[in-house]
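Asks: Below is coords.tsv; it holds TSV, C-alpha atoms.
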chain	number	residue	atom	x	y	z
A	1	MET	CA	116.29	-56.00	-138.83
A	2	SER	CA	118.46	-56.44	-135.82
A	3	LEU	CA	121.38	-58.08	-137.59
A	4	PRO	CA	124.40	-55.83	-138.16
A	5	GLN	CA	124.47	-54.60	-141.69
A	6	SER	CA	127.29	-56.80	-142.86
A	7	LEU	CA	125.38	-59.92	-141.88
A	8	GLN	CA	122.19	-58.83	-143.55
A	9	THR	CA	123.54	-59.61	-146.98
A	10	SER	CA	125.88	-62.51	-146.37
A	11	VAL	CA	126.34	-65.78	-144.57
A	12	THR	CA	129.08	-66.39	-142.02
A	13	PRO	CA	131.99	-68.71	-142.90
A	14	PRO	CA	131.15	-71.26	-140.19
A	15	GLU	CA	127.65	-71.53	-141.63
A	16	LEU	CA	129.11	-72.22	-145.06
A	17	GLU	CA	131.35	-74.82	-143.53
A	18	LEU	CA	128.31	-76.52	-142.06
A	19	ILE	CA	126.55	-76.59	-145.42
A	20	ALA	CA	129.66	-77.91	-147.14
A	21	SER	CA	129.95	-80.69	-144.57
A	22	GLN	CA	126.90	-82.35	-146.00
A	23	GLN	CA	128.80	-83.49	-149.07
A	24	LEU	CA	129.64	-87.15	-149.34
A	25	ILE	CA	133.19	-88.30	-148.95
A	26	GLU	CA	134.87	-91.65	-149.12
A	27	ILE	CA	136.32	-93.30	-146.05
A	28	ILE	CA	137.93	-96.54	-144.99
A	29	PRO	CA	136.13	-97.42	-141.80
A	30	LEU	CA	137.84	-99.14	-138.93
A	31	ILE	CA	134.67	-100.16	-137.18
A	32	ALA	CA	131.56	-101.90	-138.37
A	33	MET	CA	128.18	-100.23	-138.44
A	34	GLU	CA	124.85	-101.27	-139.83
A	35	LYS	CA	122.85	-99.20	-142.22
A	36	THR	CA	121.64	-96.44	-139.91
A	37	ALA	CA	119.00	-93.83	-140.46
A	38	PHE	CA	119.94	-90.20	-139.85
A	39	ILE	CA	117.90	-87.08	-140.38
A	40	SER	CA	119.42	-86.41	-143.78
A	41	GLY	CA	119.31	-89.99	-144.98
A	42	ALA	CA	120.43	-93.53	-144.33
A	43	PHE	CA	124.14	-94.26	-144.44
A	44	GLY	CA	126.17	-97.39	-144.11
A	45	PRO	CA	126.63	-100.20	-143.63
A	46	LEU	CA	130.26	-99.76	-142.69
A	47	GLN	CA	132.20	-102.96	-143.24
A	48	PRO	CA	135.94	-102.65	-142.77
A	49	PRO	CA	138.08	-102.74	-144.81
A	50	ARG	CA	135.65	-101.83	-147.62
A	51	LYS	CA	135.41	-98.20	-148.62
A	52	ALA	CA	132.14	-96.40	-147.93
A	53	GLN	CA	130.61	-93.05	-148.74
A	54	ILE	CA	129.34	-91.00	-145.86
A	55	PRO	CA	128.71	-87.28	-145.29
A	56	LEU	CA	131.68	-85.18	-144.29
A	57	TRP	CA	130.35	-84.31	-140.87
A	58	MET	CA	130.14	-87.98	-139.99
A	59	ALA	CA	133.57	-88.65	-141.42
A	60	ILE	CA	135.07	-85.90	-139.27
A	61	ASN	CA	133.37	-87.28	-136.23
A	62	LEU	CA	134.64	-90.80	-136.81
A	63	LYS	CA	138.11	-89.56	-137.65
A	64	LEU	CA	138.39	-87.60	-134.44
A	65	LYS	CA	137.51	-90.73	-132.55
A	66	LYS	CA	140.09	-92.59	-134.65
A	67	LYS	CA	137.51	-94.89	-136.16
A	68	CYS	CA	138.18	-94.32	-139.84
A	69	HIS	CA	140.66	-93.17	-142.43
A	70	ILE	CA	139.59	-90.52	-144.89
A	71	VAL	CA	140.28	-90.94	-148.58
A	72	ALA	CA	141.22	-87.58	-150.01
A	73	PRO	CA	138.92	-86.43	-152.85
A	74	GLU	CA	140.64	-86.45	-156.20
A	75	TRP	CA	140.85	-82.65	-156.44
A	76	LEU	CA	142.83	-82.44	-153.23
A	77	SER	CA	146.06	-83.57	-154.86
A	78	VAL	CA	149.21	-81.79	-155.90
A	79	GLU	CA	148.73	-82.41	-159.64
A	80	PHE	CA	145.18	-81.13	-159.80
A	81	LEU	CA	145.83	-78.04	-157.72
A	82	GLN	CA	149.06	-77.25	-159.50
A	83	SER	CA	147.41	-77.41	-162.90
A	84	ARG	CA	144.60	-75.16	-161.67
A	85	LEU	CA	147.10	-72.71	-160.25
A	86	ASP	CA	148.94	-72.52	-163.57
A	87	GLU	CA	145.65	-71.92	-165.33
A	88	GLU	CA	144.74	-69.24	-162.80
A	89	VAL	CA	147.96	-67.37	-163.32
A	90	SER	CA	147.92	-67.51	-167.10
A	91	ASP	CA	144.25	-66.92	-167.98
A	92	LEU	CA	142.10	-63.90	-167.36
A	93	GLY	CA	139.07	-65.73	-166.05
A	94	PHE	CA	138.79	-67.85	-162.95
A	95	SER	CA	139.63	-71.52	-163.25
A	96	MET	CA	137.13	-74.25	-162.43
A	97	LEU	CA	137.35	-75.45	-158.87
A	98	PRO	CA	134.90	-77.47	-156.82
A	99	PHE	CA	132.33	-75.05	-155.54
A	100	ARG	CA	133.09	-75.52	-151.87
A	101	TYR	CA	136.77	-76.28	-152.12
A	102	ALA	CA	137.78	-73.75	-149.46
A	103	GLU	CA	135.59	-75.16	-146.73
A	104	ILE	CA	136.22	-78.83	-147.51
A	105	SER	CA	139.96	-78.38	-147.84
A	106	LYS	CA	140.22	-76.48	-144.59
A	107	VAL	CA	138.31	-79.11	-142.69
A	108	LEU	CA	140.21	-82.03	-144.18
A	109	LEU	CA	143.60	-80.44	-143.65
A	110	ASP	CA	142.74	-79.83	-140.02
A	111	VAL	CA	141.25	-83.16	-139.16
A	112	ALA	CA	143.07	-85.65	-141.37
A	113	PRO	CA	146.59	-84.45	-142.13
A	114	ASP	CA	147.89	-87.99	-142.06
A	115	ASP	CA	145.52	-89.16	-144.78
A	116	ILE	CA	146.62	-86.65	-147.37
A	117	GLN	CA	149.82	-86.84	-149.37
A	118	ASN	CA	152.25	-83.91	-149.56
A	119	ILE	CA	150.21	-81.90	-147.18
A	120	ASP	CA	152.57	-78.92	-146.95
A	121	LYS	CA	152.69	-78.53	-150.70
A	122	ILE	CA	148.92	-78.70	-150.87
A	123	ARG	CA	148.59	-76.06	-148.20
A	124	SER	CA	150.84	-73.66	-150.03
A	125	LEU	CA	149.08	-74.36	-153.34
A	126	LEU	CA	145.73	-73.63	-151.80
A	127	LYS	CA	147.01	-70.41	-150.35
A	128	ASP	CA	148.45	-69.32	-153.70
A	129	LEU	CA	145.20	-70.15	-155.44
A	130	ARG	CA	143.23	-68.10	-152.98
A	131	GLU	CA	145.49	-65.09	-153.35
A	132	ALA	CA	145.52	-65.26	-157.13
A	133	ARG	CA	141.74	-65.35	-157.27
A	134	GLN	CA	141.44	-62.50	-154.80
A	135	ALA	CA	143.72	-60.36	-156.92
A	136	LYS	CA	141.55	-61.08	-159.96
A	137	SER	CA	138.36	-60.16	-158.21
A	138	ARG	CA	139.92	-56.88	-157.15
A	139	GLU	CA	140.67	-56.10	-160.79
A	140	GLY	CA	137.07	-56.90	-161.57
A	141	LEU	CA	136.10	-53.99	-159.32
A	142	ASP	CA	137.14	-51.62	-162.07
A	143	GLN	CA	134.47	-52.88	-164.38
A	144	LEU	CA	131.77	-52.52	-161.78
A	145	ASN	CA	128.66	-51.04	-163.29
A	146	ARG	CA	125.17	-50.74	-162.01
A	147	GLU	CA	123.52	-53.29	-164.20
A	148	GLU	CA	125.14	-56.64	-163.81
A	149	LEU	CA	128.25	-58.37	-162.69
A	150	SER	CA	129.25	-61.78	-163.92
A	151	LEU	CA	132.24	-63.52	-162.44
A	152	SER	CA	132.09	-67.12	-163.51
A	153	ASN	CA	133.70	-69.97	-161.63
A	154	LEU	CA	133.84	-68.13	-158.36
A	155	CYS	CA	133.54	-70.40	-155.34
A	156	SER	CA	131.16	-70.19	-152.44
A	157	MET	CA	133.51	-68.68	-149.86
A	158	GLU	CA	134.77	-66.08	-152.33
A	159	ILE	CA	131.28	-65.06	-153.37
A	160	ASN	CA	130.33	-64.69	-149.75
A	161	GLU	CA	133.34	-62.51	-149.06
A	162	ILE	CA	132.69	-59.98	-151.77
A	163	ARG	CA	128.90	-59.99	-151.81
A	164	PRO	CA	128.18	-57.31	-149.15
A	165	PHE	CA	130.19	-54.49	-150.55
A	166	PHE	CA	129.76	-55.36	-154.21
A	167	VAL	CA	126.00	-55.26	-153.84
A	168	HIS	CA	126.08	-52.05	-151.81
A	169	ALA	CA	128.42	-50.38	-154.27
A	170	MET	CA	126.22	-51.34	-157.20
A	171	GLY	CA	123.25	-49.89	-155.34
A	172	ILE	CA	125.04	-46.60	-154.88
A	173	LEU	CA	125.94	-46.52	-158.55
A	174	THR	CA	122.29	-47.00	-159.40
A	175	HIS	CA	121.33	-44.05	-157.22
A	176	LEU	CA	123.96	-41.82	-158.74
A	177	HIS	CA	122.95	-42.59	-162.28
A	178	ARG	CA	120.78	-40.26	-164.24
A	179	ASP	CA	118.71	-41.25	-167.21
A	180	ALA	CA	118.13	-38.64	-169.85
A	181	SER	CA	114.58	-39.53	-170.71
A	182	THR	CA	112.89	-40.25	-167.41
A	183	GLU	CA	113.55	-37.13	-165.31
A	184	ASP	CA	110.93	-34.36	-165.31
A	185	GLN	CA	111.97	-30.98	-166.58
A	186	LEU	CA	111.81	-28.31	-163.93
B	1	MET	CA	119.17	-42.66	-150.26
B	2	ASP	CA	116.13	-42.71	-152.52
B	3	ASN	CA	113.29	-40.29	-152.94
B	4	ASP	CA	112.29	-42.25	-149.91
B	5	TYR	CA	110.47	-40.07	-147.47
B	6	PHE	CA	111.83	-41.97	-144.49
B	7	SER	CA	115.41	-42.44	-145.59
B	8	ILE	CA	117.72	-40.97	-142.96
B	9	ASP	CA	120.47	-40.44	-145.49
B	10	ALA	CA	118.14	-38.43	-147.70
B	11	ILE	CA	116.99	-36.28	-144.81
B	12	LEU	CA	120.55	-35.51	-143.75
B	13	ALA	CA	121.58	-34.74	-147.31
B	14	GLU	CA	118.69	-32.38	-147.86
B	15	ASN	CA	119.72	-30.33	-144.88
B	16	GLN	CA	122.56	-28.81	-146.85
B	17	LYS	CA	122.06	-25.23	-147.98
B	18	VAL	CA	122.24	-23.79	-151.46
B	19	GLN	CA	122.57	-20.21	-152.54
B	20	CYS	CA	119.30	-18.96	-154.09
B	21	LYS	CA	118.60	-15.71	-155.87
B	22	PHE	CA	115.01	-14.67	-155.54
B	23	LYS	CA	113.16	-13.38	-158.54
B	24	GLN	CA	110.06	-12.05	-156.87
B	25	LYS	CA	109.20	-10.09	-153.84
B	26	ILE	CA	108.09	-12.32	-150.99
B	27	PRO	CA	106.50	-10.47	-148.06
B	28	GLU	CA	107.27	-11.32	-144.45
B	29	MET	CA	109.83	-13.99	-145.22
B	30	GLY	CA	112.97	-12.01	-144.54
B	31	HIS	CA	113.85	-14.15	-141.51
B	32	LEU	CA	114.70	-17.12	-143.73
B	33	GLY	CA	118.17	-15.91	-144.46
B	34	GLY	CA	118.75	-14.71	-140.93
B	35	GLY	CA	118.63	-11.10	-142.11
B	36	SER	CA	116.76	-8.31	-140.49
B	37	GLU	CA	114.48	-7.25	-143.34
B	38	ARG	CA	110.84	-7.98	-143.21
B	39	ASP	CA	110.42	-8.85	-146.88
B	40	ILE	CA	112.56	-10.52	-149.48
B	41	ILE	CA	113.24	-8.19	-152.34
B	42	PRO	CA	113.83	-9.42	-155.89
B	43	LEU	CA	117.41	-10.29	-156.82
B	44	SER	CA	118.47	-10.76	-153.22
B	45	LYS	CA	120.43	-13.87	-152.28
B	46	ARG	CA	119.78	-16.23	-149.42
B	47	GLN	CA	121.11	-19.61	-148.29
B	48	ILE	CA	118.18	-22.01	-148.24
B	49	PRO	CA	118.22	-25.72	-147.32
B	50	ILE	CA	117.41	-28.02	-150.21
B	51	TRP	CA	114.20	-29.44	-148.84
B	52	LEU	CA	112.78	-25.91	-148.92
B	53	ALA	CA	114.64	-24.79	-152.01
B	54	TYR	CA	113.14	-27.56	-154.11
B	55	ILE	CA	109.64	-26.11	-153.93
B	56	ILE	CA	110.80	-22.53	-154.26
B	57	ILE	CA	112.70	-23.34	-157.43
B	58	TYR	CA	109.97	-25.56	-158.82
B	59	SER	CA	107.47	-22.72	-158.41
B	60	ASP	CA	109.92	-20.47	-160.15
B	61	TRP	CA	110.35	-17.94	-157.36
B	62	ALA	CA	114.15	-18.22	-157.36
B	63	ASP	CA	117.18	-19.53	-159.18
B	64	PHE	CA	120.06	-21.31	-157.59
B	65	ASP	CA	123.76	-21.71	-158.28
B	66	ILE	CA	125.67	-24.94	-158.15
B	67	PRO	CA	127.01	-25.05	-154.61
B	68	GLN	CA	130.69	-24.95	-153.72
B	69	PRO	CA	131.27	-28.68	-153.15
B	70	PHE	CA	130.56	-29.22	-156.84
B	71	SER	CA	132.26	-26.16	-158.30
B	72	ASN	CA	134.57	-26.34	-161.28
B	73	LYS	CA	137.61	-26.22	-159.08
B	74	VAL	CA	136.47	-29.36	-157.28
B	75	ARG	CA	135.51	-30.99	-160.55
B	76	ASN	CA	138.93	-30.45	-162.06
B	77	ALA	CA	140.68	-31.75	-158.97
B	78	LEU	CA	138.54	-34.88	-159.14
B	79	ARG	CA	139.18	-35.37	-162.80
B	80	ALA	CA	142.90	-35.19	-162.16
B	81	GLU	CA	143.05	-37.60	-159.23
B	82	PRO	CA	139.85	-38.72	-157.50
B	83	ARG	CA	141.65	-40.21	-154.56
B	84	SER	CA	143.39	-37.08	-153.46
B	85	VAL	CA	140.29	-35.03	-152.72
B	86	ARG	CA	138.99	-35.11	-149.16
B	87	LEU	CA	135.26	-35.42	-149.61
B	88	SER	CA	134.45	-35.14	-145.95
B	89	ASN	CA	135.94	-31.64	-145.81
B	90	LEU	CA	133.69	-30.43	-148.59
B	91	VAL	CA	130.39	-30.99	-146.88
B	92	GLY	CA	131.13	-31.10	-143.18
B	93	ALA	CA	130.37	-33.84	-140.71
B	94	GLY	CA	127.31	-36.04	-140.84
B	95	SER	CA	126.31	-35.61	-144.43
B	96	GLY	CA	127.58	-37.13	-147.61
B	97	TRP	CA	129.05	-35.58	-150.69
B	98	TYR	CA	127.42	-38.19	-152.90
B	99	ALA	CA	124.04	-37.82	-151.22
B	100	PHE	CA	124.16	-34.04	-151.52
B	101	GLY	CA	125.19	-34.35	-155.14
B	102	LYS	CA	122.24	-36.55	-155.85
B	103	THR	CA	119.74	-34.05	-154.46
B	104	ILE	CA	121.28	-31.27	-156.54
B	105	MET	CA	121.31	-33.50	-159.58
B	106	ASP	CA	117.61	-34.16	-159.18
B	107	MET	CA	116.90	-30.46	-159.44
B	108	LEU	CA	119.01	-29.76	-162.48
B	109	GLY	CA	117.92	-30.01	-166.06
B	110	ASP	CA	119.03	-32.87	-168.26
B	111	GLU	CA	122.28	-31.58	-169.64
B	112	GLN	CA	123.82	-30.40	-166.41
B	113	GLY	CA	122.31	-33.32	-164.58
B	114	ILE	CA	123.97	-35.88	-166.79
B	115	GLU	CA	127.30	-34.11	-166.53
B	116	MET	CA	127.00	-34.12	-162.77
B	117	SER	CA	125.98	-37.76	-162.71
B	118	GLU	CA	129.07	-38.68	-164.71
B	119	MET	CA	131.26	-36.77	-162.32
B	120	LEU	CA	129.72	-38.50	-159.30
B	121	VAL	CA	129.97	-41.96	-160.87
B	122	SER	CA	133.54	-41.61	-162.06
B	123	THR	CA	134.66	-40.25	-158.70
B	124	PHE	CA	132.98	-43.10	-156.90
B	125	LYS	CA	134.53	-45.75	-159.11
B	126	GLY	CA	137.94	-44.17	-158.90
B	127	ARG	CA	137.94	-44.21	-155.12
B	128	LEU	CA	136.25	-47.55	-154.68
B	129	VAL	CA	139.30	-49.73	-155.25
B	130	ASP	CA	141.27	-47.85	-152.63
B	131	VAL	CA	138.43	-48.08	-150.13
B	132	ILE	CA	138.32	-51.84	-150.51
B	133	ASP	CA	142.09	-52.24	-150.37
B	134	GLN	CA	142.37	-50.28	-147.18
B	135	ALA	CA	139.47	-52.17	-145.63
B	136	GLN	CA	141.15	-55.50	-146.24
B	137	HIS	CA	144.47	-54.20	-144.98
B	138	PHE	CA	142.84	-53.05	-141.78
B	139	ALA	CA	141.08	-56.31	-141.28
B	140	ALA	CA	144.48	-57.91	-140.92
B	141	LEU	CA	145.76	-55.39	-138.40
B	142	GLY	CA	142.97	-56.06	-135.98
B	143	PRO	CA	140.78	-53.60	-134.09
B	144	VAL	CA	143.55	-51.78	-132.26
B	145	GLY	CA	146.03	-51.30	-135.03
B	146	GLY	CA	144.48	-48.55	-137.13
B	147	GLY	CA	146.00	-45.10	-137.13
B	148	SER	CA	149.01	-45.84	-134.95
B	149	GLY	CA	152.63	-45.06	-135.67
B	150	GLY	CA	153.44	-47.78	-138.17
B	151	VAL	CA	151.00	-46.55	-140.84
B	152	ASP	CA	152.17	-43.81	-143.16
B	153	SER	CA	150.13	-40.69	-143.52
B	154	ALA	CA	148.79	-40.86	-147.08
B	155	PRO	CA	146.39	-43.79	-146.53
B	156	GLN	CA	145.39	-42.29	-143.22
B	157	MET	CA	144.52	-39.00	-144.85
B	158	PHE	CA	142.53	-40.81	-147.47
B	159	ARG	CA	140.59	-42.63	-144.79
B	160	GLU	CA	139.82	-39.42	-142.98
B	161	GLY	CA	138.60	-37.86	-146.19
B	162	LEU	CA	136.06	-40.56	-146.90
B	163	ASP	CA	132.46	-39.65	-147.49
B	164	THR	CA	129.77	-41.29	-145.31
B	165	THR	CA	128.66	-43.68	-148.04
B	166	GLU	CA	132.28	-44.71	-148.58
B	167	ARG	CA	132.66	-45.24	-144.85
B	168	GLU	CA	129.73	-47.67	-144.88
B	169	LEU	CA	131.37	-49.61	-147.68
B	170	PHE	CA	134.65	-49.61	-145.79
B	171	ILE	CA	133.00	-51.10	-142.72
B	172	LEU	CA	131.20	-53.74	-144.80
B	173	ALA	CA	134.38	-54.86	-146.50
B	174	GLN	CA	136.39	-54.82	-143.31
B	175	ASP	CA	133.83	-56.92	-141.46
B	176	SER	CA	133.67	-59.62	-144.09
B	177	ALA	CA	137.45	-59.75	-144.43
B	178	ARG	CA	137.85	-60.01	-140.67
B	179	ARG	CA	135.33	-62.83	-140.43
B	180	MET	CA	137.08	-64.77	-143.18
B	181	LYS	CA	140.42	-64.34	-141.48
B	182	ARG	CA	139.13	-65.53	-138.15
B	183	TRP	CA	137.50	-68.57	-139.74
B	184	PHE	CA	140.65	-69.55	-141.56
B	185	GLU	CA	142.76	-69.43	-138.49
B	186	GLU	CA	140.46	-71.38	-136.26
B	187	GLY	CA	140.98	-75.13	-136.39
B	188	SER	CA	138.09	-77.51	-136.80
B	189	THR	CA	138.97	-79.23	-133.61
B	190	GLY	CA	138.84	-75.93	-131.78
B	191	ALA	CA	142.59	-75.58	-131.49
B	192	LYS	CA	144.50	-72.69	-133.04
B	193	ARG	CA	145.68	-73.61	-136.49
B	194	VAL	CA	149.15	-73.08	-137.88
B	195	LEU	CA	149.12	-71.91	-141.51
Just give me the structure as structure tokens.
Replies:
Amino acid sequence: MSLPQSLQTSVTPPELELIASQQLIEIIPLIAMEKTAFISGAFGPLQPPRKAQIPLWMAINLKLKKKCHIVAPEWLSVEFLQSRLDEEVSDLGFSMLPFRYAEISKVLLDVAPDDIQNIDKIRSLLKDLREARQAKSREGLDQLNREELSLSNLCSMEINEIRPFFVHAMGILTHLHRDASTEDQL
Amino acid sequence: MDNDYFSIDAILAENQKVQCKFKQKIPEMGHLGGGSERDIIPLSKRQIPIWLAYIIIYSDWADFDIPQPFSNKVRNALRAEPRSVRLSNLVGAGSGWYAFGKTIMDMLGDEQGIEMSEMLVSTFKGRLVDVIDQAQHFAALGPVGGGSGGVDSAPQMFREGLDTTERELFILAQDSARRMKRWFEEGSTGAKRVL
């Protein structure tokens, strides 16, 4: 294959962002639009000031043209993130977070800072969460064995980050292992 | 790194030499060890590369000793502190300590083989965390920063002592960390983001 080795086993972050942008999000439109057919489905109609659900990519587009306001998803709030952070710090496992929280939060914080409450606090909470989870996955390296690895509640960006070298390291461990019964006697 | 005929890593690893003691007389093969005799006499020692030694040992024409990179002295040093041993010094450039160890392990009988496998596995796991840590640290410094004055010498020595397989892992981890970092800092609107 002509891809560099690190890309052969993982996806790039912008690609993950693209996939995450297909999720539906609620907006308050400022313009009217009829029910329109797109490749991925039909969305609309947009009737201000009623709330509507549209995919994230469309919401970003409208927001950049100042044609809507984005309603923050319920997990992007100080209470939710703070409670998850406390759970993260006190428990051994990973806490439950929306699977694509990293991508969606990054995009929303960039594009719609005025639609989100307490945005600085949320930014610092997200950063703390990310660092806490990274520290935990590094501890999980110690238990690496060649058979299986289960890290539950890990989110898409984190999985993508550790996949290349975790898989390679497990492969090496498999090669280095020696079974008593299957080798021929010389 | 398998018993894969075409694996480059396996070919490089099998190029390492082991010390063999011949049990039988072999006519006209004295040139193998670089000596000047015409024949190999019984109980003489030669350094033979593994790809050749495998057949010689399998056909019971010679015995071999465990080579120096896996001697007891090295084993004890590894058991004490896996991260302090410079694996790249033990086998020279281009080949891997782990790969070499695997070829030797394949030739040994069960008991020694399992002992050797445990040594290889525990060394690998002991060094793995440091490899990953350093890779992520270097992702942050950027492509020019490595090895310059601000870094202290112990991590640098560790990096220089990495085996080829560990170097591959280092590059993998560094690449993915660097990509993540770049993605985080780039704004969705294309502008540089302040975090």
Asks: Tell me, as a PyMOL selection string, which residues lie within 12 Å of Leu92 (chain A), counting only C-alpha atoms; anything in the same chain fewer than 6 positions away does not count.
Replies: chain A and resi 86+132-133+135-137+139-140+151-153
Asks: For a quick check of your reading of the model, name the residues lying within 12 Å of the coordinate (141.8, -40.2, -144.0), counting only C-alpha atoms, and write them as a list in words.
Replies: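 It turns out the residues near that spot are Arg83, Ser84, Val85, Arg86, Leu87, Ser88, Asn89, Asp130, Val131, Gln134, Gly146, Gly147, Val151, Asp152, Ser153, Ala154, Pro155, Gln156, Met157, Phe158, Arg159, Glu160, Gly161, Leu162, Asp163, Glu166, Arg167 and Phe170 of chain B.
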Asks: Within 12 Å of Ala177 (chain B), counting only C-alpha atoms, which residues qualify if same-chain residues fewer than 4 places away don't, as a PyMOL selection string?
Replies: (chain A and resi 6+12-13+134+157-158+160-165) or (chain B and resi 132-142+170-173+181-184)
Asks: Report as a VMD selection string the set of chain B residues whose atoms approach chain A to within 9 Å, with distances computed over all atoms listed in the file.
Replies: chain B and resid 1 to 2 57 to 60 98 to 99 101 to 102 105 to 111 113 to 114 116 to 118 120 to 121 124 to 126 128 to 129 132 to 133 165 to 166 168 to 173 175 to 177 179 to 180 183 to 184 187 to 189 193 195
Asks: Kindly indicate which residue among A:Leu129, A:Leu149, A:Ile25, A:Met58 lies nearest to Glu87 (chain A), using all atoms listed in the file for the distances.
Replies: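 Answer, going by the shortest atom-to-atom distance: A:Leu129.
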Asks: In Å, rounded to a single decimal, give me how far CA of Phe100 (chain B) is from CA of Lys73 (chain B).
Replies: 17.3 Å
Asks: Neighbours of region 11-13 of chain B within 7 Å (all atoms listed in the file; same-chain residues fewer than 2 positions away dropped), as a PyMOL selection string?
Replies: chain B and resi 7-9+15-16+95-96+99-100
Asks: Tell me, as a PDB file with C-alpha atoms, in the frame of the given file, which residues lie within 12 Å of Phe64 (chain B), counting only C-alpha atoms; anything in the same chain fewer than 3 positions away does not count.
Replies:
ATOM      1  CA  LYS B  17     122.060 -25.230-147.980  1.00  0.00           C
ATOM      2  CA  VAL B  18     122.240 -23.790-151.460  1.00  0.00           C
ATOM      3  CA  GLN B  19     122.570 -20.210-152.540  1.00  0.00           C
ATOM      4  CA  CYS B  20     119.300 -18.960-154.090  1.00  0.00           C
ATOM      5  CA  LYS B  21     118.600 -15.710-155.870  1.00  0.00           C
ATOM      6  CA  PHE B  22     115.010 -14.670-155.540  1.00  0.00           C
ATOM      7  CA  LYS B  23     113.160 -13.380-158.540  1.00  0.00           C
ATOM      8  CA  LEU B  43     117.410 -10.290-156.820  1.00  0.00           C
ATOM      9  CA  SER B  44     118.470 -10.760-153.220  1.00  0.00           C
ATOM     10  CA  LYS B  45     120.430 -13.870-152.280  1.00  0.00           C
ATOM     11  CA  ARG B  46     119.780 -16.230-149.420  1.00  0.00           C
ATOM     12  CA  GLN B  47     121.110 -19.610-148.290  1.00  0.00           C
ATOM     13  CA  ILE B  48     118.180 -22.010-148.240  1.00  0.00           C
ATOM     14  CA  PRO B  49     118.220 -25.720-147.320  1.00  0.00           C
ATOM     15  CA  ILE B  50     117.410 -28.020-150.210  1.00  0.00           C
ATOM     16  CA  ALA B  53     114.640 -24.790-152.010  1.00  0.00           C
ATOM     17  CA  TYR B  54     113.140 -27.560-154.110  1.00  0.00           C
ATOM     18  CA  ILE B  56     110.800 -22.530-154.260  1.00  0.00           C
ATOM     19  CA  ILE B  57     112.700 -23.340-157.430  1.00  0.00           C
ATOM     20  CA  TYR B  58     109.970 -25.560-158.820  1.00  0.00           C
ATOM     21  CA  ASP B  60     109.920 -20.470-160.150  1.00  0.00           C
ATOM     22  CA  TRP B  61     110.350 -17.940-157.360  1.00  0.00           C
ATOM     23  CA  PRO B  67     127.010 -25.050-154.610  1.00  0.00           C
ATOM     24  CA  GLN B  68     130.690 -24.950-153.720  1.00  0.00           C
ATOM     25  CA  ILE B 104     121.280 -31.270-156.540  1.00  0.00           C
ATOM     26  CA  MET B 107     116.900 -30.460-159.440  1.00  0.00           C
ATOM     27  CA  LEU B 108     119.010 -29.760-162.480  1.00  0.00           C
TER      28      LEU B 108
END
Asks: When you draw a straight line from CA of Ile27 (chain A) to CA of Pro113 (chain A), how long is it in Å?
Replies: 14.1 Å
Asks: May I have the centre and edge lengths, in Å to one decimal, of an axis-aligned box around the listed atoms of region 7-19 of chain A with 4 Å added to every side, as JSON?
Replies:
{"center_x": 127.1, "center_y": -67.7, "center_z": -143.6, "size_x": 17.8, "size_y": 25.8, "size_z": 14.8}
